[in-house]
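File shown: input-v8.pdb. Contents: PDB, C-alpha atoms and all ligand atoms.
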ATOM      1  CA  MET A   1      34.052  -6.451   9.897
ATOM      2  CA  THR A   2      33.419  -2.696   9.952
ATOM      3  CA  ILE A   3      30.249  -0.891   8.884
ATOM      4  CA  ALA A   4      32.027   0.513   5.802
ATOM      5  CA  THR A   5      33.245  -2.948   4.710
ATOM      6  CA  ALA A   6      29.884  -4.598   5.405
ATOM      7  CA  LEU A   7      28.114  -1.995   3.291
ATOM      8  CA  ARG A   8      30.622  -2.330   0.458
ATOM      9  CA  GLN A   9      30.362  -6.124   0.406
ATOM     10  CA  GLY A  10      26.571  -6.062   0.767
ATOM     11  CA  GLU A  11      26.233  -3.563  -2.074
ATOM     12  CA  GLN A  12      28.432  -5.697  -4.319
ATOM     13  CA  LEU A  13      26.488  -8.894  -3.596
ATOM     14  CA  LEU A  14      23.165  -7.182  -4.253
ATOM     15  CA  ALA A  15      24.443  -5.583  -7.475
ATOM     16  CA  GLU A  16      25.688  -8.952  -8.699
ATOM     17  CA  GLY A  17      22.286 -10.449  -7.832
ATOM     18  CA  GLY A  18      20.530  -7.832  -9.994
ATOM     19  CA  VAL A  19      18.846  -6.054  -7.071
ATOM     20  CA  ALA A  20      17.861  -2.437  -7.835
ATOM     21  CA  ALA A  21      19.439   0.368  -5.750
ATOM     22  CA  PRO A  22      22.026  -1.966  -4.167
ATOM     23  CA  ARG A  23      23.732   0.656  -1.964
ATOM     24  CA  LEU A  24      20.468   1.951  -0.520
ATOM     25  CA  THR A  25      19.215  -1.601  -0.002
ATOM     26  CA  ALA A  26      22.430  -2.607   1.798
ATOM     27  CA  GLU A  27      22.074   0.423   4.077
ATOM     28  CA  VAL A  28      18.410  -0.317   4.846
ATOM     29  CA  LEU A  29      19.191  -3.954   5.686
ATOM     30  CA  LEU A  30      22.258  -3.144   7.801
ATOM     31  CA  ALA A  31      20.328  -0.453   9.678
ATOM     32  CA  HIS A  32      17.664  -3.077  10.410
ATOM     33  CA  ALA A  33      20.290  -5.583  11.560
ATOM     34  CA  MET A  34      21.886  -2.999  13.863
ATOM     35  CA  GLY A  35      18.649  -1.397  15.082
ATOM     36  CA  CYS A  36      19.776   2.088  14.068
ATOM     37  CA  GLY A  37      19.007   4.678  11.380
ATOM     38  CA  ARG A  38      21.008   4.880   8.122
ATOM     39  CA  ALA A  39      22.419   8.280   9.137
ATOM     40  CA  TYR A  40      24.398   6.527  11.896
ATOM     41  CA  PHE A  41      26.666   4.910   9.296
ATOM     42  CA  TYR A  42      28.094   8.217   8.103
ATOM     43  CA  GLY A  43      29.463   9.083  11.551
ATOM     44  CA  HIS A  44      30.721   5.576  12.414
ATOM     45  CA  PRO A  45      32.135   3.887   9.275
ATOM     46  CA  GLU A  46      34.921   2.149  11.210
ATOM     47  CA  GLN A  47      32.699   0.679  13.935
ATOM     48  CA  GLU A  48      32.939  -3.112  14.160
ATOM     49  CA  LEU A  49      29.746  -5.144  13.771
ATOM     50  CA  THR A  50      28.948  -7.613  16.542
ATOM     51  CA  GLN A  51      28.685 -11.239  15.484
ATOM     52  CA  ILE A  52      24.894 -11.151  15.878
ATOM     53  CA  GLN A  53      24.616  -8.014  13.717
ATOM     54  CA  TRP A  54      26.754  -9.612  11.029
ATOM     55  CA  LEU A  55      24.671 -12.806  11.099
ATOM     56  CA  HIS A  56      21.418 -10.850  10.810
ATOM     57  CA  PHE A  57      22.796  -8.731   7.973
ATOM     58  CA  GLY A  58      23.909 -11.873   6.109
ATOM     59  CA  ARG A  59      20.464 -13.419   6.494
ATOM     60  CA  TYR A  60      18.712 -10.263   5.258
ATOM     61  CA  LEU A  61      21.014 -10.055   2.229
ATOM     62  CA  HIS A  62      20.268 -13.684   1.439
ATOM     63  CA  GLU A  63      16.505 -13.102   1.720
ATOM     64  CA  ARG A  64      16.679  -9.994  -0.490
ATOM     65  CA  LEU A  65      18.689 -11.915  -3.087
ATOM     66  CA  ARG A  66      15.887 -14.527  -3.151
ATOM     67  CA  GLY A  67      13.520 -11.713  -4.175
ATOM     68  CA  LYS A  68      11.933 -10.863  -0.809
ATOM     69  CA  PRO A  69      11.168  -7.110  -0.782
ATOM     70  CA  SER A  70      13.139  -5.098   1.796
ATOM     71  CA  GLN A  71       9.860  -3.957   3.373
ATOM     72  CA  TYR A  72       8.934  -7.547   4.246
ATOM     73  CA  ILE A  73      12.402  -7.986   5.795
ATOM     74  CA  THR A  74      12.250  -4.805   7.875
ATOM     75  CA  CYS A  75       8.428  -5.110   8.346
ATOM     76  CA  ARG A  76       8.112  -1.390   7.685
ATOM     77  CA  GLN A  77       6.995   1.055   4.985
ATOM     78  CA  GLU A  78       6.456   4.805   5.204
ATOM     79  CA  PHE A  79       3.149   6.104   3.871
ATOM     80  CA  TYR A  80       2.126   9.757   3.875
ATOM     81  CA  GLY A  81       4.979  10.451   6.303
ATOM     82  CA  ARG A  82       3.990   7.793   8.834
ATOM     83  CA  PRO A  83       5.601   4.412   9.570
ATOM     84  CA  PHE A  84       3.385   1.395   8.825
ATOM     85  CA  ARG A  85       4.075  -2.155   9.870
ATOM     86  CA  VAL A  86       3.824  -4.588   6.966
ATOM     87  CA  THR A  87       3.889  -8.374   6.857
ATOM     88  CA  GLN A  88       3.422 -10.752   3.955
ATOM     89  CA  ALA A  89      -0.309 -10.752   4.754
ATOM     90  CA  VAL A  90      -0.598  -7.261   3.264
ATOM     91  CA  MET A  91       0.422  -5.478   0.109
ATOM     92  CA  ILE A  92       3.262  -2.991   0.620
ATOM     93  CA  PRO A  93       1.653   0.477   0.397
ATOM     94  CA  ARG A  94       2.808   2.297  -2.750
ATOM     95  CA  PRO A  95       3.665   5.994  -3.157
ATOM     96  CA  GLU A  96       1.067   6.233  -6.000
ATOM     97  CA  THR A  97      -1.645   5.546  -3.434
ATOM     98  CA  GLU A  98      -0.819   8.854  -1.750
ATOM     99  CA  HIS A  99      -2.592  10.483  -4.746
ATOM    100  CA  LEU A 100      -5.763   8.655  -3.779
ATOM    101  CA  VAL A 101      -5.380   9.861  -0.200
ATOM    102  CA  GLU A 102      -4.782  13.449  -1.341
ATOM    103  CA  THR A 103      -7.929  13.381  -3.498
ATOM    104  CA  ALA A 104      -9.916  11.946  -0.602
ATOM    105  CA  ILE A 105      -8.630  14.644   1.754
ATOM    106  CA  ARG A 106      -9.549  17.345  -0.777
ATOM    107  CA  LEU A 107     -13.047  16.092  -1.522
ATOM    108  CA  GLY A 108     -13.797  14.575   1.885
ATOM    109  CA  ARG A 109     -13.377  17.591   4.172
ATOM    110  CA  ARG A 110     -17.013  17.434   5.257
ATOM    111  CA  ALA A 111     -17.436  13.663   5.132
ATOM    112  CA  ALA A 112     -18.981  12.262   8.312
ATOM    113  CA  THR A 113     -18.364   8.613   7.387
ATOM    114  CA  VAL A 114     -15.566   7.240   5.212
ATOM    115  CA  VAL A 115     -15.148   3.617   4.110
ATOM    116  CA  ASP A 116     -11.868   2.107   2.889
ATOM    117  CA  ALA A 117     -12.715  -1.120   1.020
ATOM    118  CA  GLY A 118      -9.802  -3.615   1.022
ATOM    119  CA  CYS A 119      -7.707  -1.835   3.641
ATOM    120  CA  GLY A 120      -4.631  -4.124   3.644
ATOM    121  CA  SER A 121      -2.065  -2.583   6.014
ATOM    122  CA  GLY A 122      -4.547   0.199   6.819
ATOM    123  CA  ALA A 123      -2.396   2.836   5.102
ATOM    124  CA  ILE A 124      -5.367   4.644   3.513
ATOM    125  CA  ALA A 125      -7.828   4.218   6.388
ATOM    126  CA  VAL A 126      -5.361   5.279   9.096
ATOM    127  CA  THR A 127      -4.135   8.279   7.095
ATOM    128  CA  LEU A 128      -7.661   9.484   6.337
ATOM    129  CA  GLN A 129      -8.784   9.089   9.946
ATOM    130  CA  LEU A 130      -5.786  11.091  11.183
ATOM    131  CA  GLU A 131      -6.051  13.774   8.487
ATOM    132  CA  LEU A 132      -9.837  14.176   8.362
ATOM    133  CA  ARG A 133     -10.613  13.297  12.000
ATOM    134  CA  THR A 134     -13.801  11.629  10.861
ATOM    135  CA  ARG A 135     -15.470   8.244  11.340
ATOM    136  CA  VAL A 136     -13.655   5.606   9.271
ATOM    137  CA  LEU A 137     -14.697   2.020   8.565
ATOM    138  CA  ALA A 138     -12.124  -0.279   6.991
ATOM    139  CA  THR A 139     -12.960  -3.636   5.411
ATOM    140  CA  ASP A 140     -10.908  -6.550   4.173
ATOM    141  CA  ILE A 141     -11.635 -10.159   3.259
ATOM    142  CA  SER A 142      -8.377 -11.256   4.911
ATOM    143  CA  ALA A 143      -8.373 -11.709   8.696
ATOM    144  CA  GLU A 144      -4.541 -11.571   8.673
ATOM    145  CA  ALA A 145      -4.577  -8.232   6.853
ATOM    146  CA  LEU A 146      -7.128  -6.838   9.309
ATOM    147  CA  ALA A 147      -4.859  -7.856  12.210
ATOM    148  CA  VAL A 148      -1.974  -5.868  10.671
ATOM    149  CA  ALA A 149      -4.248  -2.883   9.932
ATOM    150  CA  SER A 150      -5.656  -2.772  13.442
ATOM    151  CA  GLU A 151      -2.145  -2.920  14.902
ATOM    152  CA  ASN A 152      -1.174   0.040  12.696
ATOM    153  CA  ALA A 153      -4.280   1.925  13.781
ATOM    154  CA  ARG A 154      -3.451   1.280  17.444
ATOM    155  CA  ARG A 155       0.217   2.313  17.093
ATOM    156  CA  LEU A 156      -0.668   5.484  15.192
ATOM    157  CA  ALA A 157      -3.651   6.292  17.435
ATOM    158  CA  ALA A 158      -6.263   6.221  14.657
ATOM    159  CA  ALA A 159      -9.832   5.326  15.676
ATOM    160  CA  ILE A 160     -11.141   2.937  13.030
ATOM    161  CA  ASP A 161     -13.916   0.340  12.917
ATOM    162  CA  PHE A 162     -12.669  -2.773  11.151
ATOM    163  CA  LEU A 163     -15.042  -5.140   9.376
ATOM    164  CA  ARG A 164     -14.170  -8.477   7.870
ATOM    165  CA  CYS A 165     -16.454  -8.792   4.868
ATOM    166  CA  ASP A 166     -16.586  -9.171   1.112
ATOM    167  CA  LEU A 167     -15.849  -5.661  -0.206
ATOM    168  CA  VAL A 168     -18.563  -3.541   1.517
ATOM    169  CA  SER A 169     -21.248  -6.191   2.011
ATOM    170  CA  ALA A 170     -21.471  -5.426   5.781
ATOM    171  CA  VAL A 171     -21.919  -1.657   5.259
ATOM    172  CA  ALA A 172     -25.455  -0.275   5.570
ATOM    173  CA  ASP A 173     -27.306   1.287   2.614
ATOM    174  CA  ALA A 174     -26.919   5.042   2.106
ATOM    175  CA  SER A 175     -24.710   5.449   5.213
ATOM    176  CA  VAL A 176     -21.411   6.656   3.740
ATOM    177  CA  ASP A 177     -20.119   9.989   2.384
ATOM    178  CA  LEU A 178     -16.870   8.761   0.904
ATOM    179  CA  LEU A 179     -16.016   5.270  -0.366
ATOM    180  CA  VAL A 180     -12.300   4.907  -1.071
ATOM    181  CA  SER A 181     -10.605   1.847  -2.494
ATOM    182  CA  ASN A 182      -7.321   0.710  -3.922
ATOM    183  CA  PRO A 183      -8.683  -2.665  -5.010
ATOM    184  CA  PRO A 184      -6.745  -5.592  -6.461
ATOM    185  CA  TYR A 185      -6.408  -4.502 -10.106
ATOM    186  CA  VAL A 186      -3.663  -6.528 -11.774
ATOM    187  CA  PRO A 187      -5.077  -8.489 -14.728
ATOM    188  CA  LEU A 188      -4.580 -12.231 -14.184
ATOM    189  CA  THR A 189      -3.241 -12.403 -17.734
ATOM    190  CA  GLU A 190      -0.288 -10.205 -16.640
ATOM    191  CA  LYS A 191       0.751 -12.421 -13.732
ATOM    192  CA  ASP A 192       3.864 -13.803 -15.428
ATOM    193  CA  ALA A 193       5.062 -10.328 -16.419
ATOM    194  CA  LEU A 194       5.064  -9.040 -12.817
ATOM    195  CA  GLN A 195       8.344  -8.353 -11.006
ATOM    196  CA  ARG A 196       9.270 -11.407  -8.941
ATOM    197  CA  GLU A 197       9.201  -9.256  -5.777
ATOM    198  CA  VAL A 198       5.492  -8.705  -6.410
ATOM    199  CA  ARG A 199       4.471 -12.016  -8.001
ATOM    200  CA  ASP A 200       6.249 -14.322  -5.564
ATOM    201  CA  TRP A 201       5.942 -12.355  -2.318
ATOM    202  CA  GLU A 202       2.872 -10.124  -2.169
ATOM    203  CA  PRO A 203      -0.476 -11.791  -1.340
ATOM    204  CA  PRO A 204      -2.341 -12.820  -4.533
ATOM    205  CA  VAL A 205      -5.644 -11.757  -2.923
ATOM    206  CA  ALA A 206      -4.285  -8.184  -2.862
ATOM    207  CA  LEU A 207      -3.109  -8.212  -6.478
ATOM    208  CA  PHE A 208      -5.458  -9.816  -8.940
ATOM    209  CA  GLY A 209      -8.762  -8.362 -10.059
ATOM    210  CA  GLY A 210      -9.957 -10.981 -12.545
ATOM    211  CA  PRO A 211      -8.912 -11.561 -16.164
ATOM    212  CA  GLU A 212      -8.639  -7.828 -17.023
ATOM    213  CA  GLY A 213      -8.163  -6.513 -13.496
ATOM    214  CA  LEU A 214     -11.570  -4.837 -13.595
ATOM    215  CA  ASP A 215     -13.741  -7.120 -11.443
ATOM    216  CA  PHE A 216     -13.583  -4.969  -8.298
ATOM    217  CA  TYR A 217     -14.398  -1.726 -10.138
ATOM    218  CA  ARG A 218     -17.571  -3.270 -11.492
ATOM    219  CA  ARG A 219     -18.574  -4.251  -7.963
ATOM    220  CA  LEU A 220     -17.518  -0.916  -6.424
ATOM    221  CA  ALA A 221     -19.652   0.982  -8.936
ATOM    222  CA  ALA A 222     -22.720  -1.088  -8.005
ATOM    223  CA  GLU A 223     -22.104  -1.327  -4.255
ATOM    224  CA  GLY A 224     -20.934   2.287  -4.060
ATOM    225  CA  ALA A 225     -24.304   3.409  -5.427
ATOM    226  CA  ARG A 226     -25.939   1.329  -2.660
ATOM    227  CA  ILE A 227     -23.914   2.476   0.383
ATOM    228  CA  LEU A 228     -23.226   6.121  -0.526
ATOM    229  CA  ARG A 229     -25.521   8.919   0.593
ATOM    230  CA  PRO A 230     -26.819  11.271  -2.130
ATOM    231  CA  GLY A 231     -23.909  13.521  -3.127
ATOM    232  CA  GLY A 232     -21.336  11.014  -1.808
ATOM    233  CA  TRP A 233     -18.061  10.258  -3.570
ATOM    234  CA  LEU A 234     -16.588   6.988  -4.826
ATOM    235  CA  MET A 235     -12.806   7.170  -5.232
ATOM    236  CA  VAL A 236     -10.571   4.487  -6.667
ATOM    237  CA  GLU A 237      -6.966   3.980  -7.635
ATOM    238  CA  MET A 238      -6.581   2.586 -11.161
ATOM    239  CA  GLY A 239      -3.958   0.673 -13.103
ATOM    240  CA  ILE A 240      -2.758   1.599 -16.555
ATOM    241  CA  ARG A 241      -5.295   1.372 -19.416
ATOM    242  CA  GLN A 242      -8.169   1.015 -16.922
ATOM    243  CA  LEU A 243      -9.620   4.534 -17.042
ATOM    244  CA  GLN A 244     -11.805   4.040 -20.107
ATOM    245  CA  PRO A 245     -13.393   0.721 -19.063
ATOM    246  CA  ILE A 246     -14.034   2.072 -15.557
ATOM    247  CA  ARG A 247     -15.709   5.194 -16.956
ATOM    248  CA  GLU A 248     -17.923   2.955 -19.075
ATOM    249  CA  MET A 249     -18.939   0.713 -16.189
ATOM    250  CA  LEU A 250     -19.922   3.699 -14.032
ATOM    251  CA  GLY A 251     -22.871   4.233 -16.360
ATOM    252  CA  THR A 252     -25.281   7.081 -15.730
ATOM    253  CA  ASP A 253     -25.676   6.825 -11.938
ATOM    254  CA  TRP A 254     -22.926   9.381 -11.317
ATOM    255  CA  THR A 255     -23.029  13.139 -11.869
ATOM    256  CA  GLU A 256     -19.428  14.301 -11.690
ATOM    257  CA  VAL A 257     -16.384  12.266 -12.687
ATOM    258  CA  ARG A 258     -12.901  13.618 -11.945
ATOM    259  CA  VAL A 259      -9.604  12.015 -12.895
ATOM    260  CA  SER A 260      -6.144  12.862 -11.552
ATOM    261  CA  ASP A 261      -2.770  11.816 -12.884
ATOM    262  CA  ASP A 262       0.172  10.480 -10.925
ATOM    263  CA  LEU A 263       3.698  11.931 -11.105
ATOM    264  CA  ALA A 264       4.379   9.905 -14.248
ATOM    265  CA  GLY A 265       1.396  11.598 -15.934
ATOM    266  CA  LEU A 266      -0.760   8.443 -15.909
ATOM    267  CA  PRO A 267      -4.430   8.630 -14.900
ATOM    268  CA  ARG A 268      -4.285   7.128 -11.407
ATOM    269  CA  VAL A 269      -7.292   8.260  -9.385
ATOM    270  CA  LEU A 270     -10.926   8.448 -10.418
ATOM    271  CA  ALA A 271     -13.547  10.156  -8.268
ATOM    272  CA  ALA A 272     -17.250   9.900  -9.124
ATOM    273  CA  ARG A 273     -20.152  11.559  -7.337
ATOM    274  CA  LEU A 274     -23.680  10.334  -6.780
ATOM    275  CA  PRO A 275     -26.390  12.860  -7.601
ATOM    276  CA  GLY A 276     -28.061  14.712  -4.746
ATOM    277  CA  ARG A 277     -27.380  17.325  -2.062
TER     278      ARG A 277
HETATM  279  C1  LIG B   1      -4.380  -3.657  -3.626
HETATM  280  S1  LIG B   1      -4.556  -4.144  -1.937
HETATM  281  C2  LIG B   1      -4.710  -2.536  -1.181
HETATM  282  C3  LIG B   1      -4.296  -2.505   0.251
HETATM  283  C4  LIG B   1      -4.274  -1.095   0.864
HETATM  284  N1  LIG B   1      -5.575  -0.473   0.786
HETATM  285  C5  LIG B   1      -3.233  -0.220   0.163
HETATM  286  O1  LIG B   1      -3.637   0.626  -0.644
HETATM  287  O2  LIG B   1      -2.030  -0.395   0.415
HETATM  288  C6  LIG B   1      -6.214  -4.763  -1.951
HETATM  289  C7  LIG B   1      -6.761  -5.286  -0.622
HETATM  290  O3  LIG B   1      -8.085  -5.782  -0.881
HETATM  291  C8  LIG B   1      -8.310  -6.953  -0.123
HETATM  292  N2  LIG B   1      -9.360  -7.735  -0.784
HETATM  293  C9  LIG B   1      -9.268  -8.578  -1.825
HETATM  294  N3  LIG B   1     -10.469  -9.085  -2.130
HETATM  295  C10 LIG B   1     -11.348  -8.540  -1.268
HETATM  296  C11 LIG B   1     -12.761  -8.660  -1.078
HETATM  297  N4  LIG B   1     -13.500  -9.460  -1.854
HETATM  298  N5  LIG B   1     -13.331  -7.975  -0.075
HETATM  299  C12 LIG B   1     -12.592  -7.170   0.735
HETATM  300  N6  LIG B   1     -11.257  -7.008   0.598
HETATM  301  C13 LIG B   1     -10.649  -7.682  -0.388
HETATM  302  C14 LIG B   1      -6.964  -7.640  -0.084
HETATM  303  O4  LIG B   1      -6.877  -8.538   1.012
HETATM  304  C15 LIG B   1      -6.016  -6.436   0.015
HETATM  305  O5  LIG B   1      -5.733  -6.148   1.352
END
What does this structure look like when you write it as structure tokens?
Amino acid sequence: MTIATALRQGEQLLAEGGVAAPRLTAEVLLAHAMGCGRAYFYGHPEQELTQIQWLHFGRYLHERLRGKPSQYITCRQEFYGRPFRVTQAVMIPRPETEHLVETAIRLGRRAATVVDAGCGSGAIAVTLQLELRTRVLATDISAEALAVASENARRLAAAIDFLRCDLVSAVADASVDLLVSNPPYVPLTEKDALQREVRDWEPPVALFGGPEGLDFYRRLAAEGARILRPGGWLMVEMGIRQLQPIREMLGTDWTEVRVSDDLAGLPRVLAARLPGR
């Protein structure tokens, strides 16, 4: 079996199984099975696969056809140009979340202490520590997620203090300049409508934010006002139709509120500032 034939057959199987981007997916899975980059295939289409490579590729195709996301098969996802390790203990970092990071980099240039609440793989915390070179604390309720995040921090040489706690309960009052969070925000009522790759494979603790998906925003507004220093920023990623209710729950504690859209033109990031300074 040559690389070219394996890719053709893999692509066909994936297409028949209704998997999106079947050619790209076949290439990603074969590259993982062979321990090479996808570019290698273009120079070596007639190379024969070893039996082990073929067996691995077959297993990965089978897993993908059962709905397992490619990232959980390869244990890898790029975020902000860096490779992050992902396991099923963490949500796969999404490109939309890079908007949150960009806003935090813009508004957090002078931040001495940054907190990432619900750090998952550590994508946000690690990126902000490396870009801002500031003190970063990252929390999560899941010990398994924190293990993945601290491994990512170690591999990417980011200095982060990890705390296992409920949201920011272990963070001292008025000690933080920037509180960033991409909290679980899928409404429980939308569970059945989720893609199977998300619903059946990503950790529920990372997805659901109560009946309307708003539970964590309510808590972040209250706890943000407690842990932020005067003039500090709260920054959150939002789901669709969540901007208005989040604005309402912020109340009058915040002076400035800024909203930025994602590439699809949907309001994706909200930043709110405490009065002071
Ligand atoms: C939507 S994921 C975001 C992960 C990561 N920050 C990212 O953007 O890819 C939400 C994260 O919040 C964590 N989480 C859920 N409930 C929590 C709580 N009560 N306290 C702290 N973290 C929590 C989950 O374990 C998950 O890692």
If we count all atoms listed in the file, what is near Ala89 in chain A at a cut-off of 7 Å, once residues fewer than 4 positions away on the same chain are taken out, given as an mmCIF file with C-alpha atoms, in the frame of the given file?
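Heads up, here's the output in around_28.cif:
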data_model
loop_
_atom_site.group_PDB
_atom_site.id
_atom_site.type_symbol
_atom_site.label_atom_id
_atom_site.label_comp_id
_atom_site.auth_asym_id
_atom_site.auth_seq_id
_atom_site.Cartn_x
_atom_site.Cartn_y
_atom_site.Cartn_z
ATOM 1 C CA GLU A 144 -4.541 -11.571 8.673
ATOM 2 C CA ALA A 145 -4.577 -8.232 6.853
ATOM 3 C CA PRO A 203 -0.476 -11.791 -1.340
#
Neighbours of Arg82 in chain A within 9 Å (only C-alpha atoms; same-chain residues fewer than 4 positions away dropped), as a list in words?
Gln77, Glu78, Ala123, Thr127 and Leu156 of chain A
Output as CSV one row per residue of chain A within 7 Å of ligand LIG 1 (chain B): the closest atom pair and its distance in Å to one decimal place, counting all atoms listed in the file, sorted by chain and residue number ascending.
residue,atom,partner,partner_atom,distance
A:Val90,CA,B:LIG1,O5,5.6
A:Met91,CA,B:LIG1,S1,5.5
A:Ile92,CA,B:LIG1,O2,5.9
A:Pro93,CA,B:LIG1,O2,3.8
A:Arg94,CA,B:LIG1,O2,6.4
A:Thr97,CA,B:LIG1,O1,6.0
A:Ala117,CA,B:LIG1,C12,6.1
A:Gly118,CA,B:LIG1,O3,3.4
A:Cys119,CA,B:LIG1,N1,3.8
A:Gly120,CA,B:LIG1,O5,3.3
A:Ser121,CA,B:LIG1,C4,5.8
A:Gly122,CA,B:LIG1,C4,6.1
A:Ala123,CA,B:LIG1,O2,5.7
A:Ile124,CA,B:LIG1,N1,5.8
A:Thr139,CA,B:LIG1,C12,5.9
A:Asp140,CA,B:LIG1,N6,3.6
A:Ile141,CA,B:LIG1,C12,4.0
A:Ser142,CA,B:LIG1,O4,5.0
A:Ala145,CA,B:LIG1,O5,6.0
A:Cys165,CA,B:LIG1,C12,5.9
A:Asp166,CA,B:LIG1,N5,3.7
A:Leu167,CA,B:LIG1,N5,3.4
A:Ser181,CA,B:LIG1,N1,6.4
A:Asn182,CA,B:LIG1,O1,4.9
A:Pro183,CA,B:LIG1,C6,4.5
A:Pro184,CA,B:LIG1,C1,4.2
A:Tyr185,CA,B:LIG1,C1,6.8
A:Val205,CA,B:LIG1,C9,4.9
A:Ala206,CA,B:LIG1,C15,3.8
A:Leu207,CA,B:LIG1,C1,5.5
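Nearest-residue note for Ala143 in chain A: choosing from A:Leu128, A:Ala21, A:Leu163, A:Ile246, the minimum distance belongs to A:Leu163, counting all atoms listed in the file.
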Size and centre in Å, one decimal, axis-aligned box, all listed range 52-64 of chain A atoms plus 6 Å per side, as AutoDock Vina command-line options:
--center_x 21.6 --center_y -10.8 --center_z 7.7 --size_x 22.2 --size_y 17.7 --size_z 28.4
Set the distance at 6 Å and use all atoms listed in the file: which residues neighbour range 197-202 of chain A once local chain neighbours fewer than 4 positions away are removed? I'd like the list as JSON, numbers by chain.
{"A": [67, 68, 69, 91]}
Quick one: residues within 10 Å of Ala172 in chain A, only C-alpha atoms counted, chain neighbours fewer than 2 positions away excluded, as a PyMOL selection string?
chain A and resi 168-170+174-176+226-228
Quick one: apply the PyMOL selection byres (((chain A and resi 108) around 12) and not hetatm) to the file and drop the selected residues here as a ChimeraX atom specification.
/A:100-107,109-115,128-129,131-136,176-180,231-235,271,273
Tyr42 in chain A environment, 10 Å, all atoms listed in the file, sequence neighbours closer than 4 positions dropped, as a PyMOL selection string
chain A and resi 3-4+38+46
Selection to disk with C-alpha atoms, as a PDB file, in the coordinates of the input:
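The file below, again_36.pdb, is the result:
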ATOM      1  CA  ILE A   3      30.249  -0.891   8.884  1.00  0.00           C
ATOM      2  CA  ALA A   4      32.027   0.513   5.802  1.00  0.00           C
ATOM      3  CA  ARG A  38      21.008   4.880   8.122  1.00  0.00           C
ATOM      4  CA  GLU A  46      34.921   2.149  11.210  1.00  0.00           C
TER       5      GLU A  46
END
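Put simply, CA of Asp261 in chain A is 18.6 Å away from CA of Glu248 in chain A.
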So how far away is CA of Ala26 in chain A from CA of Trp54 in chain A, in Å?
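Straight-line distance from CA of Trp54 in chain A to CA of Ala26 in chain A works out to 12.4 Å.
Separating CA of His32 in chain A from CA of Gln12 in chain A is a distance of 18.4 Å.
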Which of these, A:Val259, A:Ala33, A:Ala272, A:Leu243, has the shortest distance to Pro230 in chain A once you count all atoms listed in the file?
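Of all the options, A:Ala272 lies closest to Pro230 in chain A.
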